[in-house]
file upload.csv (CSV, C-alpha atoms)
chain,number,residue,atom,x,y,z
A,1,MET,CA,-12.0,17.2,5.8
A,2,ALA,CA,-9.5,14.4,4.9
A,3,TRP,CA,-9.4,15.9,1.4
A,4,THR,CA,-7.4,18.9,2.7
A,5,GLY,CA,-4.5,16.4,2.8
A,6,LEU,CA,-4.5,16.5,-1.0
A,7,LEU,CA,-3.9,20.2,-1.1
A,8,VAL,CA,-1.2,20.1,1.5
A,9,GLY,CA,0.4,17.2,-0.2
A,10,LEU,CA,0.3,19.0,-3.6
A,11,VAL,CA,2.3,21.9,-2.2
A,12,PHE,CA,4.6,19.5,-0.2
A,13,GLY,CA,5.3,17.6,-3.4
A,14,ILE,CA,6.2,20.7,-5.3
A,15,ILE,CA,8.6,21.8,-2.6
A,16,LEU,CA,10.1,18.4,-2.3
A,17,GLN,CA,10.6,18.1,-6.1
A,18,ARG,CA,11.9,21.7,-6.7
A,19,GLY,CA,14.1,21.6,-3.6
A,20,ARG,CA,15.3,18.0,-4.3
A,21,VAL,CA,14.5,17.4,-0.6
A,22,CYS,CA,15.7,13.9,0.0
A,23,PHE,CA,16.9,13.0,3.5
A,24,ASN,CA,18.7,10.0,2.3
A,25,SER,CA,21.0,12.3,0.4
A,26,ALA,CA,21.0,14.9,3.1
A,27,PHE,CA,22.4,12.5,5.7
A,28,ARG,CA,24.7,10.6,3.3
A,29,ASP,CA,26.2,13.5,1.5
A,30,VAL,CA,27.7,14.9,4.7
A,31,LEU,CA,29.5,11.7,5.3
A,32,LEU,CA,30.5,10.6,1.7
A,33,PHE,CA,30.9,13.9,-0.2
A,34,LYS,CA,31.5,16.4,2.6
A,35,ASP,CA,28.5,18.2,1.2
A,36,ASN,CA,26.1,19.8,3.7
A,37,TYR,CA,23.6,21.4,1.3
A,38,LEU,CA,20.6,19.2,2.0
A,39,TRP,CA,21.7,18.5,5.5
A,40,LYS,CA,21.4,22.2,6.3
A,41,LEU,CA,18.0,22.4,4.5
A,42,GLY,CA,16.7,19.7,6.8
A,43,PHE,CA,18.0,21.3,10.0
A,44,LEU,CA,16.9,24.8,9.0
A,45,ALA,CA,13.4,23.5,8.4
A,46,VAL,CA,13.4,21.7,11.7
A,47,GLY,CA,14.7,24.8,13.6
A,48,LEU,CA,12.1,27.1,12.0
A,49,GLN,CA,9.2,24.7,12.7
A,50,MET,CA,10.1,24.6,16.4
A,51,ILE,CA,8.7,28.1,16.4
A,52,THR,CA,6.0,27.9,13.7
A,53,VAL,CA,4.3,24.7,15.0
A,54,LEU,CA,4.5,25.9,18.7
A,55,PHE,CA,3.1,29.2,17.7
A,56,VAL,CA,-0.1,27.7,16.2
A,57,ALA,CA,-0.4,25.5,19.2
A,58,GLN,CA,0.0,28.5,21.5
A,59,MET,CA,-2.8,30.2,19.5
A,60,GLY,CA,-5.0,27.2,20.4
A,61,TRP,CA,-5.3,26.0,16.7
A,62,ILE,CA,-3.7,22.6,17.3
A,63,ARG,CA,-2.5,20.5,20.2
A,64,ILE,CA,0.9,19.0,19.6
A,65,ALA,CA,1.2,15.3,19.8
A,66,PRO,CA,4.9,14.3,20.4
A,67,PRO,CA,5.4,10.7,19.4
A,68,THR,CA,5.4,8.0,22.1
A,69,LEU,CA,8.8,7.1,23.4
A,70,ASN,CA,9.8,3.4,22.8
A,71,LEU,CA,13.6,2.9,23.2
A,72,PHE,CA,13.6,-0.5,21.4
A,73,GLY,CA,11.4,0.7,18.5
A,74,ASN,CA,13.0,4.1,18.2
A,75,ILE,CA,16.5,2.7,18.1
A,76,VAL,CA,16.1,-0.6,16.2
A,77,GLY,CA,13.3,0.5,13.9
A,78,ALA,CA,15.0,3.8,13.0
A,79,TYR,CA,18.3,2.0,12.4
A,80,VAL,CA,16.7,-0.6,10.1
A,81,PHE,CA,14.9,2.2,8.3
A,82,GLY,CA,18.2,4.1,7.9
A,83,LEU,CA,19.9,1.0,6.4
A,84,GLY,CA,16.9,0.4,4.1
A,85,MET,CA,16.8,3.9,2.7
A,86,VAL,CA,20.3,3.6,1.2
A,87,LEU,CA,19.3,0.4,-0.5
A,88,ALA,CA,16.0,1.9,-1.7
A,89,GLY,CA,17.8,5.0,-3.1
A,90,GLY,CA,15.7,7.4,-1.2
A,91,CYS,CA,14.0,8.1,2.1
A,92,ALA,CA,10.2,7.8,2.7
A,93,SER,CA,9.5,11.2,1.2
A,94,GLY,CA,12.2,10.8,-1.4
A,95,VAL,CA,10.8,7.6,-2.9
A,96,THR,CA,7.3,9.1,-2.8
A,97,TYR,CA,8.1,12.3,-4.7
A,98,ARG,CA,10.4,10.6,-7.1
A,99,SER,CA,7.6,8.2,-8.0
A,100,GLY,CA,5.9,11.4,-9.3
A,101,GLU,CA,9.1,12.3,-11.3
A,102,GLY,CA,8.9,9.0,-13.1
A,103,MET,CA,11.6,7.0,-11.4
A,104,THR,CA,10.5,3.4,-11.6
A,105,THR,CA,12.9,2.2,-8.8
A,106,ALA,CA,11.2,4.7,-6.5
A,107,MET,CA,7.7,3.5,-7.4
A,108,ILE,CA,8.7,-0.1,-6.5
A,109,ALA,CA,10.5,1.0,-3.3
A,110,ALA,CA,7.4,3.0,-2.3
A,111,VAL,CA,5.0,0.1,-2.8
A,112,PHE,CA,7.3,-2.3,-0.8
A,113,TYR,CA,7.6,0.4,1.8
A,114,GLY,CA,3.8,0.5,2.3
A,115,ILE,CA,3.6,-3.3,2.4
A,116,GLY,CA,6.5,-3.5,4.8
A,117,ALA,CA,4.8,-1.0,7.1
A,118,MET,CA,1.5,-3.0,7.0
A,119,ALA,CA,3.4,-6.2,7.7
A,120,MET,CA,4.8,-4.7,10.9
A,121,ARG,CA,1.5,-3.1,11.9
A,122,GLY,CA,-0.6,-6.2,11.5
A,123,GLY,CA,1.2,-8.9,9.5
A,124,VAL,CA,4.1,-11.2,9.7
A,125,PHE,CA,6.4,-8.8,11.5
A,126,SER,CA,3.7,-7.7,14.0
A,127,PRO,CA,4.8,-9.9,16.9
A,128,ILE,CA,7.9,-7.8,17.1
A,129,ARG,CA,5.9,-4.6,17.4
A,130,THR,CA,3.5,-6.2,19.9
A,131,TRP,CA,6.4,-7.4,22.0
A,132,ALA,CA,8.1,-4.0,21.8
A,133,SER,CA,4.9,-2.1,22.9
A,134,GLN,CA,5.6,-3.0,26.5
A,135,PHE,CA,8.4,-0.3,26.4
A,136,ASN,CA,6.0,2.4,25.3
A,137,VAL,CA,6.3,5.5,27.5
A,138,SER,CA,3.8,8.3,27.6
A,139,VAL,CA,3.5,11.1,30.2
A,140,ASP,CA,1.0,13.7,31.3
A,141,ALA,CA,1.5,16.9,29.4
A,142,ASN,CA,2.9,19.9,31.4
A,143,SER,CA,1.5,22.5,29.0
A,144,SER,CA,-1.8,23.2,27.1
A,145,VAL,CA,0.1,23.2,23.8
A,146,TYR,CA,0.3,19.4,24.1
A,147,LEU,CA,-2.4,16.8,24.1
A,148,ASP,CA,-3.2,15.4,27.6
A,149,LYS,CA,-1.1,12.3,27.2
A,150,VAL,CA,2.1,12.6,25.1
A,151,GLY,CA,5.4,11.0,24.4
A,152,PRO,CA,8.0,12.8,26.7
A,153,THR,CA,9.6,15.9,25.3
A,154,LEU,CA,12.5,18.0,26.4
A,155,ALA,CA,9.9,20.3,28.0
A,156,THR,CA,8.1,17.6,29.9
A,157,VAL,CA,11.3,15.9,31.1
A,158,LEU,CA,12.8,19.2,32.4
A,159,ASN,CA,9.2,20.3,33.4
A,160,ILE,CA,9.7,23.7,31.8
A,161,ASN,CA,7.7,25.8,29.4
A,162,PRO,CA,8.0,24.3,25.9
A,163,TRP,CA,9.0,27.7,24.5
A,164,ILE,CA,12.3,27.7,26.4
A,165,PRO,CA,13.9,24.6,24.7
A,166,ALA,CA,12.2,25.5,21.4
A,167,VAL,CA,13.7,29.0,21.3
A,168,ILE,CA,17.1,27.9,22.4
A,169,LEU,CA,17.4,25.0,20.0
A,170,ALA,CA,15.9,27.0,17.1
A,171,ALA,CA,18.5,29.7,17.8
A,172,VAL,CA,21.3,27.1,17.8
A,173,LEU,CA,20.0,25.6,14.5
A,174,LEU,CA,19.6,29.0,12.8
A,175,TRP,CA,23.1,30.0,13.9
A,176,TYR,CA,24.5,26.7,12.6
A,177,THR,CA,22.6,26.6,9.3
A,178,LEU,CA,22.9,30.2,8.4
A,179,GLY,CA,26.1,31.2,10.2
A,180,THR,CA,28.5,28.4,9.0
A,181,LYS,CA,29.8,27.5,5.5
A,182,THR,CA,27.4,25.7,3.2
A,183,THR,CA,28.4,23.7,0.1
A,184,GLU,CA,27.6,25.5,-3.1
A,185,ARG,CA,25.1,24.0,-5.5
A,186,LYS,CA,23.6,25.7,-8.6
A,187,THR,CA,19.9,25.3,-7.9
A,188,LYS,CA,16.9,27.2,-9.0
A,189,PHE,CA,15.1,26.6,-5.7
A,190,ASN,CA,17.5,27.5,-3.0
A,191,TRP,CA,17.8,25.4,0.2
A,192,LYS,CA,16.8,28.4,2.4
A,193,VAL,CA,13.7,29.0,0.4
A,194,ALA,CA,12.8,25.3,0.6
A,195,ALA,CA,13.3,25.2,4.4
A,196,VAL,CA,11.2,28.4,4.9
A,197,SER,CA,8.5,27.0,2.6
A,198,LEU,CA,8.4,23.7,4.6
A,199,ALA,CA,8.3,25.6,7.9
A,200,ILE,CA,5.2,27.6,6.7
A,201,LEU,CA,3.5,24.5,5.3
A,202,SER,CA,4.1,22.4,8.4
A,203,PRO,CA,1.7,24.1,10.8
A,204,ILE,CA,-0.9,24.2,8.0
A,205,ALA,CA,-0.5,20.4,7.7
A,206,TRP,CA,-1.0,20.1,11.5
A,207,ILE,CA,-4.1,22.3,11.5
A,208,THR,CA,-5.8,20.6,8.6
A,209,SER,CA,-4.8,17.1,9.7
A,210,GLU,CA,-6.2,17.7,13.2
A,211,ALA,CA,-9.4,19.0,11.7
A,212,ALA,CA,-9.7,15.7,9.9
A,213,GLY,CA,-9.2,13.8,13.2
A,214,ARG,CA,-5.5,12.9,12.8
A,215,ASN,CA,-3.4,14.5,15.5
A,216,TYR,CA,-0.1,15.0,13.6
A,217,GLY,CA,1.7,17.0,11.0
A,218,PHE,CA,3.6,15.8,7.9
A,219,GLY,CA,3.8,12.0,7.6
A,220,ILE,CA,4.5,9.4,5.0
A,221,THR,CA,4.3,5.9,6.5
A,222,GLY,CA,0.7,6.1,7.7
A,223,GLY,CA,-0.2,7.6,4.4
A,224,TRP,CA,1.0,4.7,2.4
A,225,VAL,CA,-0.8,2.3,4.8
A,226,SER,CA,-4.0,4.3,4.3
A,227,ILE,CA,-3.7,4.0,0.5
A,228,PHE,CA,-3.4,0.2,0.8
A,229,ASP,CA,-6.2,0.1,3.4
A,230,SER,CA,-8.3,2.0,1.0
A,231,TYR,CA,-7.2,0.1,-2.2
A,232,ILE,CA,-7.4,-3.4,-0.7
A,233,SER,CA,-10.1,-3.3,2.0
A,234,ASN,CA,-12.3,-0.3,1.1
A,235,GLN,CA,-11.5,1.8,4.1
A,236,PRO,CA,-12.0,5.6,3.6
A,237,LEU,CA,-8.8,7.3,2.6
A,238,ARG,CA,-7.4,9.2,5.6
A,239,TRP,CA,-5.8,12.7,5.6
A,240,ASP,CA,-2.3,11.3,5.2
A,241,GLY,CA,-3.4,9.0,2.3
A,242,PHE,CA,-4.7,12.1,0.5
A,243,GLU,CA,-1.4,13.8,1.4
A,244,ILE,CA,0.6,11.0,-0.4
A,245,ILE,CA,-1.5,11.3,-3.5
A,246,GLY,CA,-1.0,15.1,-3.3
A,247,ILE,CA,2.8,14.7,-3.0
A,248,ILE,CA,3.0,12.4,-6.1
A,249,LEU,CA,0.8,14.7,-8.1
A,250,GLY,CA,2.7,17.8,-7.0
A,251,ALA,CA,6.0,16.2,-7.9
A,252,LEU,CA,4.5,15.1,-11.2
A,253,ILE,CA,3.3,18.6,-12.1
A,254,ALA,CA,6.5,20.3,-10.9
A,255,SER,CA,8.7,17.9,-12.8
A,256,LEU,CA,6.6,18.2,-16.0
A,257,LEU,CA,6.7,22.0,-15.9
A,258,ALA,CA,10.5,21.9,-15.3
A,259,LYS,CA,10.9,19.3,-18.1
A,260,GLU,CA,12.4,16.9,-15.5
A,261,PHE,CA,9.9,14.2,-15.8
A,262,LYS,CA,11.1,11.0,-17.4
A,263,LEU,CA,10.4,7.3,-16.9
A,264,ARG,CA,13.8,6.2,-15.6
A,265,MET,CA,15.0,2.7,-15.5
A,266,PRO,CA,18.3,1.2,-14.3
A,267,LYS,CA,20.2,-1.0,-16.7
A,268,ASN,CA,20.8,-3.8,-14.2
A,269,PRO,CA,17.5,-5.4,-13.1
A,270,LYS,CA,19.2,-6.4,-9.9
A,271,THR,CA,18.6,-2.8,-8.8
A,272,TYR,CA,14.9,-3.6,-8.5
A,273,LEU,CA,15.6,-6.5,-6.1
A,274,VAL,CA,17.7,-4.2,-4.0
A,275,VAL,CA,15.1,-1.5,-3.8
A,276,MET,CA,12.4,-4.1,-2.9
A,277,ILE,CA,14.5,-5.2,0.1
A,278,GLY,CA,15.3,-1.6,1.0
A,279,GLY,CA,11.7,-0.5,0.8
A,280,THR,CA,10.6,-3.4,3.0
A,281,MET,CA,13.2,-2.6,5.6
A,282,MET,CA,12.1,1.1,5.5
A,283,GLY,CA,8.4,0.3,6.0
A,284,ALA,CA,8.9,-2.3,8.7
A,285,GLY,CA,11.5,-0.1,10.4
A,286,ALA,CA,9.3,3.0,10.3
A,287,SER,CA,6.3,1.2,11.6
A,288,LEU,CA,8.3,-0.2,14.5
A,289,ALA,CA,10.0,3.2,15.2
A,290,GLY,CA,6.7,5.1,15.1
A,291,GLY,CA,7.8,7.2,12.2
A,292,CYS,CA,10.1,7.7,9.2
A,293,ASN,CA,12.4,10.5,8.3
A,294,ILE,CA,9.4,12.8,8.0
A,295,GLY,CA,7.3,11.6,11.0
A,296,HIS,CA,10.4,11.6,13.3
A,297,PHE,CA,12.9,14.0,11.7
A,298,LEU,CA,11.0,16.7,9.8
A,299,ALA,CA,7.8,16.7,11.9
A,300,GLY,CA,8.9,15.0,15.1
A,301,LEU,CA,12.1,16.9,16.0
A,302,PRO,CA,10.2,20.3,16.1
A,303,THR,CA,8.0,18.9,18.9
A,304,LEU,CA,11.2,18.2,20.9
A,305,ALA,CA,10.0,14.6,21.5
A,306,ILE,CA,12.7,12.4,23.0
A,307,SER,CA,11.5,9.6,20.7
A,308,SER,CA,12.1,11.7,17.6
A,309,ILE,CA,15.5,12.8,18.8
A,310,ILE,CA,16.6,9.2,19.4
A,311,ALA,CA,15.0,7.9,16.2
A,312,SER,CA,16.7,10.7,14.2
A,313,VAL,CA,20.1,9.8,15.6
A,314,PHE,CA,19.6,6.2,14.7
A,315,LEU,CA,18.2,6.7,11.2
A,316,ILE,CA,21.2,8.9,10.4
A,317,LEU,CA,23.5,6.1,11.8
A,318,GLY,CA,21.7,3.5,9.8
A,319,ASN,CA,22.1,5.6,6.7
A,320,TRP,CA,25.8,6.2,7.4
A,321,THR,CA,26.4,2.5,8.0
A,322,MET,CA,24.9,1.3,4.7
A,323,ALA,CA,26.3,4.3,2.7
A,324,TYR,CA,29.8,3.5,4.1
A,325,ILE,CA,29.5,-0.2,3.2
A,326,LEU,CA,28.2,0.4,-0.4
A,327,TYR,CA,29.7,3.7,-1.5
A,328,ARG,CA,32.8,4.6,0.5
A,329,LYS,CA,35.2,3.7,-2.4
Z,1,MET,CA,30.7,14.2,-34.0
Z,2,ALA,CA,31.9,14.2,-30.5
Z,3,LYS,CA,32.5,17.6,-29.0
Z,4,TYR,CA,35.5,16.6,-27.0
Z,5,GLU,CA,38.2,13.9,-27.2
Z,6,VAL,CA,36.5,11.8,-24.6
Z,7,THR,CA,38.8,9.3,-22.9
Z,8,LYS,CA,36.1,7.5,-21.0
Z,9,SER,CA,32.3,7.6,-20.8
Z,10,VAL,CA,30.0,6.5,-18.0
Z,11,ASP,CA,26.3,6.0,-18.7
Z,12,VAL,CA,24.5,6.3,-15.3
Z,13,ARG,CA,21.0,7.1,-16.6
Z,14,GLY,CA,18.3,5.5,-14.5
Z,15,GLU,CA,20.6,4.6,-11.6
Z,16,VAL,CA,19.4,5.2,-8.1
Z,17,CYS,CA,20.9,7.9,-6.0
Z,18,PRO,CA,23.9,8.3,-5.4
Z,19,VAL,CA,25.2,5.7,-8.0
Z,20,PRO,CA,25.8,8.5,-10.6
Z,21,ASP,CA,27.9,10.5,-8.2
Z,22,VAL,CA,29.9,7.5,-6.9
Z,23,GLU,CA,30.5,6.1,-10.4
Z,24,THR,CA,31.8,9.5,-11.5
Z,25,LYS,CA,34.2,9.6,-8.6
Z,26,ARG,CA,35.4,6.0,-9.2
Z,27,ALA,CA,36.0,6.7,-12.9
Z,28,LEU,CA,37.9,9.9,-12.2
Z,29,LYS,CA,40.2,8.1,-9.7
Z,30,LYS,CA,41.5,5.8,-12.5
Z,31,MET,CA,42.1,8.5,-15.0
Z,32,LYS,CA,45.2,10.6,-15.8
Z,33,ALA,CA,45.6,14.3,-15.9
Z,34,GLY,CA,44.4,15.9,-19.1
Z,35,GLU,CA,42.0,13.1,-19.9
Z,36,ILE,CA,38.3,13.8,-20.4
Z,37,LEU,CA,35.4,12.0,-18.7
Z,38,GLU,CA,31.9,12.1,-20.1
Z,39,VAL,CA,29.1,11.4,-17.6
Z,40,TRP,CA,25.7,10.7,-19.1
Z,41,ILE,CA,22.9,11.4,-16.6
Z,42,ASP,CA,19.1,11.8,-16.6
Z,43,TYR,CA,18.4,13.0,-13.2
Z,44,ALA,CA,18.3,16.8,-12.6
Z,45,MET,CA,19.7,16.6,-9.0
Z,46,SER,CA,22.9,14.9,-10.4
Z,47,LYS,CA,23.3,17.8,-12.7
Z,48,GLU,CA,23.4,20.1,-9.8
Z,49,ARG,CA,25.5,18.0,-7.4
Z,50,ILE,CA,28.1,16.2,-9.6
Z,51,PRO,CA,29.7,19.4,-11.0
Z,52,GLU,CA,30.2,20.9,-7.6
Z,53,ALA,CA,31.6,17.7,-6.2
Z,54,VAL,CA,34.0,17.3,-9.1
Z,55,LYS,CA,35.2,20.9,-8.8
Z,56,GLY,CA,35.8,20.2,-5.1
Z,57,MET,CA,38.1,17.3,-6.2
Z,58,GLY,CA,40.1,19.8,-8.2
Z,59,HIS,CA,38.9,18.8,-11.7
Z,60,GLU,CA,37.5,21.1,-14.4
Z,61,VAL,CA,33.9,20.9,-15.6
Z,62,LEU,CA,34.1,21.8,-19.3
Z,63,GLU,CA,30.4,21.7,-20.1
Z,64,ILE,CA,27.0,20.4,-19.0
Z,65,GLU,CA,25.3,19.7,-22.3
Z,66,GLU,CA,21.6,19.0,-22.6
Z,67,VAL,CA,21.2,16.0,-24.9
Z,68,GLY,CA,17.6,15.2,-24.6
Z,69,ASN,CA,14.5,15.2,-22.4
Z,70,SER,CA,15.9,15.4,-18.9
Z,71,GLU,CA,19.2,14.0,-20.2
Z,72,TRP,CA,22.6,15.7,-19.9
Z,73,LYS,CA,26.2,14.9,-20.5
Z,74,ILE,CA,28.8,16.4,-18.2
Z,75,TYR,CA,32.3,16.7,-19.6
Z,76,ILE,CA,35.0,16.7,-17.0
Z,77,LYS,CA,38.7,17.4,-17.6
Z,78,VAL,CA,40.9,15.6,-15.1
Z,79,LYS,CA,43.5,17.8,-13.4
call {"tool": "encode", "arguments": {"input": "upload.csv", "output": "structure tokens"}}
result
Amino acid sequence: MAWTGLLVGLVFGIILQRGRVCFNSAFRDVLLFKDNYLWKLGFLAVGLQMITVLFVAQMGWIRIAPPTLNLFGNIVGAYVFGLGMVLAGGCASGVTYRSGEGMTTAMIAAVFYGIGAMAMRGGVFSPIRTWASQFNVSVDANSSVYLDKVGPTLATVLNINPWIPAVILAAVLLWYTLGTKTTERKTKFNWKVAAVSLAILSPIAWITSEAAGRNYGFGITGGWVSIFDSYISNQPLRWDGFEIIGIILGALIASLLAKEFKLRMPKNPKTYLVVMIGGTMMGAGASLAGGCNIGHFLAGLPTLAISSIIASVFLILGNWTMAYILYRK
Amino acid sequence: MAKYEVTKSVDVRGEVCPVPDVETKRALKKMKAGEILEVWIDYAMSKERIPEAVKGMGHEVLEIEEVGNSEWKIYIKVK
């Protein structure tokens, strides 16, 4: 069933490309350009998924797996990831879909991202991860919508029905995203359409991924690791590995149809060195944090996991720090 | 023949995000009222974001001209 990741990835890639969904831009534009267009896209998608993902779990089609809490990993890993994505010129999903659009810097960043994640999982950086694993916190679930053992969520901490915080936070995010002023941008694929599309695709990702034995929704980091596992050591490609291939193909097809595909290359070769460093920091950071901007922000926040809330804050702070250093003037 | 009396031109094709936006802002800061900046881009997202940012700064976007496969020139009049 791992091949279903390819179909989900294809649609995901088309949405990312058409919607220009890059979280590096989303976080940074708010700070640097006072532009909240993509920022709102992200938070609307998160708010809607709080309902759509919980709904399919309530129906018994999936059991939600909020990521394990690890204060060290969630804070340090996410912050390093946030710094790295500015250098790489895109977040995890951003460099993945832009590879499909023909951006050569994104291709290099994505490859170094995958290698960085593998180095943190089982290579030169792995002592850090092994040391940090002593801070892992899992709790017994307080609802059948969750797996038996989960990372703590707002619902488990307060010991309340997961629907209560989900509905409240979804309402707040809907009010914020739809009820306050949004920066204008002339786009063919409106931010609201993109957010709704993501919120519909997300539970489908959970369902098909669980059917393939992977208990999670959208993800990027594990997918790149799976591609290298498969390429280098002949392991079968996992659901998220198929998903990555799907994203690249989806973005390729969408950009070709829109006449936006082009092999793009910066004039200064130094840019390649910078994206290699950025990609490595992203991969190592995401692996330490237990997720990237997709695993923790887009897919993790809707589970109300404490780990994802903390990681999201720090990946935004990392992004702001590096964006401020490089681009404030 | 050039369409406009371009005072300054920035070629940011192939640059990573948000270099095109930032270089546009940097160039505009150094220019005087009435001058025209030409920004040469090849990334569709920049085509959507730069004009809005420039208008927000109070300048006028004269034209977004398609000059090739996924390539555009944005002409901005400094106010």
call {"tool": "residues_around", "arguments": {"input": "upload.csv", "residues": "Thr321 in chain A", "least_positions_apart": "2", "cutoff": "10 Å", "atoms": "all atoms listed in the file", "output": "list in words"}}
result
Arg28, Tyr79, Gly82, Leu83, Val86, Leu315, Ile316, Leu317, Gly318, Asn319, Ala323, Tyr324, Ile325 and Leu326 of chain A
call {"tool": "residues_around", "arguments": {"input": "upload.csv", "residues": "range 230-245 of chain A", "least_positions_apart": "5", "cutoff": "9 Å", "atoms": "all atoms listed in the file", "output": "JSON, numbers by chain"}}
result
{"A": [1, 2, 3, 4, 5, 6, 7, 8, 9, 10, 12, 13, 96, 97, 208, 209, 212, 213, 214, 218, 219, 220, 221, 222, 223, 224, 225, 250]}
call {"tool": "write_last_selection", "arguments": {"input": "upload.csv", "atoms": "C-alpha atoms", "output": "mmCIF file, keeping the file's coordinate frame"}}
result
data_model
loop_
_atom_site.group_PDB
_atom_site.id
_atom_site.type_symbol
_atom_site.label_atom_id
_atom_site.label_comp_id
_atom_site.auth_asym_id
_atom_site.auth_seq_id
_atom_site.Cartn_x
_atom_site.Cartn_y
_atom_site.Cartn_z
ATOM 1 C CA MET A 1 -12.000 17.200 5.800
ATOM 2 C CA ALA A 2 -9.500 14.400 4.900
ATOM 3 C CA TRP A 3 -9.400 15.900 1.400
ATOM 4 C CA THR A 4 -7.400 18.900 2.700
ATOM 5 C CA GLY A 5 -4.500 16.400 2.800
ATOM 6 C CA LEU A 6 -4.500 16.500 -1.000
ATOM 7 C CA LEU A 7 -3.900 20.200 -1.100
ATOM 8 C CA VAL A 8 -1.200 20.100 1.500
ATOM 9 C CA GLY A 9 0.400 17.200 -0.200
ATOM 10 C CA LEU A 10 0.300 19.000 -3.600
ATOM 11 C CA PHE A 12 4.600 19.500 -0.200
ATOM 12 C CA GLY A 13 5.300 17.600 -3.400
ATOM 13 C CA THR A 96 7.300 9.100 -2.800
ATOM 14 C CA TYR A 97 8.100 12.300 -4.700
ATOM 15 C CA THR A 208 -5.800 20.600 8.600
ATOM 16 C CA SER A 209 -4.800 17.100 9.700
ATOM 17 C CA ALA A 212 -9.700 15.700 9.900
ATOM 18 C CA GLY A 213 -9.200 13.800 13.200
ATOM 19 C CA ARG A 214 -5.500 12.900 12.800
ATOM 20 C CA PHE A 218 3.600 15.800 7.900
ATOM 21 C CA GLY A 219 3.800 12.000 7.600
ATOM 22 C CA ILE A 220 4.500 9.400 5.000
ATOM 23 C CA THR A 221 4.300 5.900 6.500
ATOM 24 C CA GLY A 222 0.700 6.100 7.700
ATOM 25 C CA GLY A 223 -0.200 7.600 4.400
ATOM 26 C CA TRP A 224 1.000 4.700 2.400
ATOM 27 C CA VAL A 225 -0.800 2.300 4.800
ATOM 28 C CA GLY A 250 2.700 17.800 -7.000
#
call {"tool": "residues_around", "arguments": {"input": "upload.csv", "residues": "Ala117 in chain A", "least_positions_apart": "6", "cutoff": "10 Å", "atoms": "all atoms listed in the file", "output": "VMD selection string"}}
result
chain A and resid 111 123 125 to 126 221 to 222 224 to 225 279 to 288
call {"tool": "interface_residues", "arguments": {"input": "upload.csv", "of": "chain Z", "to": "chain A", "cutoff": "8 Å", "atoms": "all atoms listed in the file", "output": "JSON, numbers by chain"}}
result
{"Z": [13, 14, 15, 16, 17, 18, 22, 26, 42, 43, 44, 45, 48, 49, 52, 53, 69, 70]}
call {"tool": "write_last_selection", "arguments": {"input": "upload.csv", "atoms": "C-alpha atoms", "output": "mmCIF file, in the coordinates of the input"}}
result
data_model
loop_
_atom_site.group_PDB
_atom_site.id
_atom_site.type_symbol
_atom_site.label_atom_id
_atom_site.label_comp_id
_atom_site.auth_asym_id
_atom_site.auth_seq_id
_atom_site.Cartn_x
_atom_site.Cartn_y
_atom_site.Cartn_z
ATOM 1 C CA ARG Z 13 21.000 7.100 -16.600
ATOM 2 C CA GLY Z 14 18.300 5.500 -14.500
ATOM 3 C CA GLU Z 15 20.600 4.600 -11.600
ATOM 4 C CA VAL Z 16 19.400 5.200 -8.100
ATOM 5 C CA CYS Z 17 20.900 7.900 -6.000
ATOM 6 C CA PRO Z 18 23.900 8.300 -5.400
ATOM 7 C CA VAL Z 22 29.900 7.500 -6.900
ATOM 8 C CA ARG Z 26 35.400 6.000 -9.200
ATOM 9 C CA ASP Z 42 19.100 11.800 -16.600
ATOM 10 C CA TYR Z 43 18.400 13.000 -13.200
ATOM 11 C CA ALA Z 44 18.300 16.800 -12.600
ATOM 12 C CA MET Z 45 19.700 16.600 -9.000
ATOM 13 C CA GLU Z 48 23.400 20.100 -9.800
ATOM 14 C CA ARG Z 49 25.500 18.000 -7.400
ATOM 15 C CA GLU Z 52 30.200 20.900 -7.600
ATOM 16 C CA ALA Z 53 31.600 17.700 -6.200
ATOM 17 C CA ASN Z 69 14.500 15.200 -22.400
ATOM 18 C CA SER Z 70 15.900 15.400 -18.900
#
call {"tool": "residues_around", "arguments": {"input": "upload.csv", "residues": "range 72-76 of chain Z", "least_positions_apart": "2", "cutoff": "6 Å", "atoms": "all atoms listed in the file", "output": "mmCIF file with C-alpha atoms, in the frame of the given file"}}
result
data_model
loop_
_atom_site.group_PDB
_atom_site.id
_atom_site.type_symbol
_atom_site.label_atom_id
_atom_site.label_comp_id
_atom_site.auth_asym_id
_atom_site.auth_seq_id
_atom_site.Cartn_x
_atom_site.Cartn_y
_atom_site.Cartn_z
ATOM 1 C CA ILE Z 36 38.300 13.800 -20.400
ATOM 2 C CA LEU Z 37 35.400 12.000 -18.700
ATOM 3 C CA GLU Z 38 31.900 12.100 -20.100
ATOM 4 C CA VAL Z 39 29.100 11.400 -17.600
ATOM 5 C CA TRP Z 40 25.700 10.700 -19.100
ATOM 6 C CA ILE Z 41 22.900 11.400 -16.600
ATOM 7 C CA GLU Z 60 37.500 21.100 -14.400
ATOM 8 C CA VAL Z 61 33.900 20.900 -15.600
ATOM 9 C CA LEU Z 62 34.100 21.800 -19.300
ATOM 10 C CA GLU Z 63 30.400 21.700 -20.100
ATOM 11 C CA ILE Z 64 27.000 20.400 -19.000
ATOM 12 C CA GLU Z 65 25.300 19.700 -22.300
ATOM 13 C CA GLU Z 66 21.600 19.000 -22.600
ATOM 14 C CA VAL Z 67 21.200 16.000 -24.900
#
call {"tool": "closest_residue", "arguments": {"input": "upload.csv", "among": "A:Ile247, A:Ile62, A:Leu301, A:Val124", "to": "Gly100 in chain A", "atoms": "only C-alpha atoms"}}
result
A:Ile247
call {"tool": "atom_distance", "arguments": {"input": "upload.csv", "atom1": "CA of Ala132 in chain A", "atom2": "CA of Gly73 in chain A"}}
result
6.6 Å
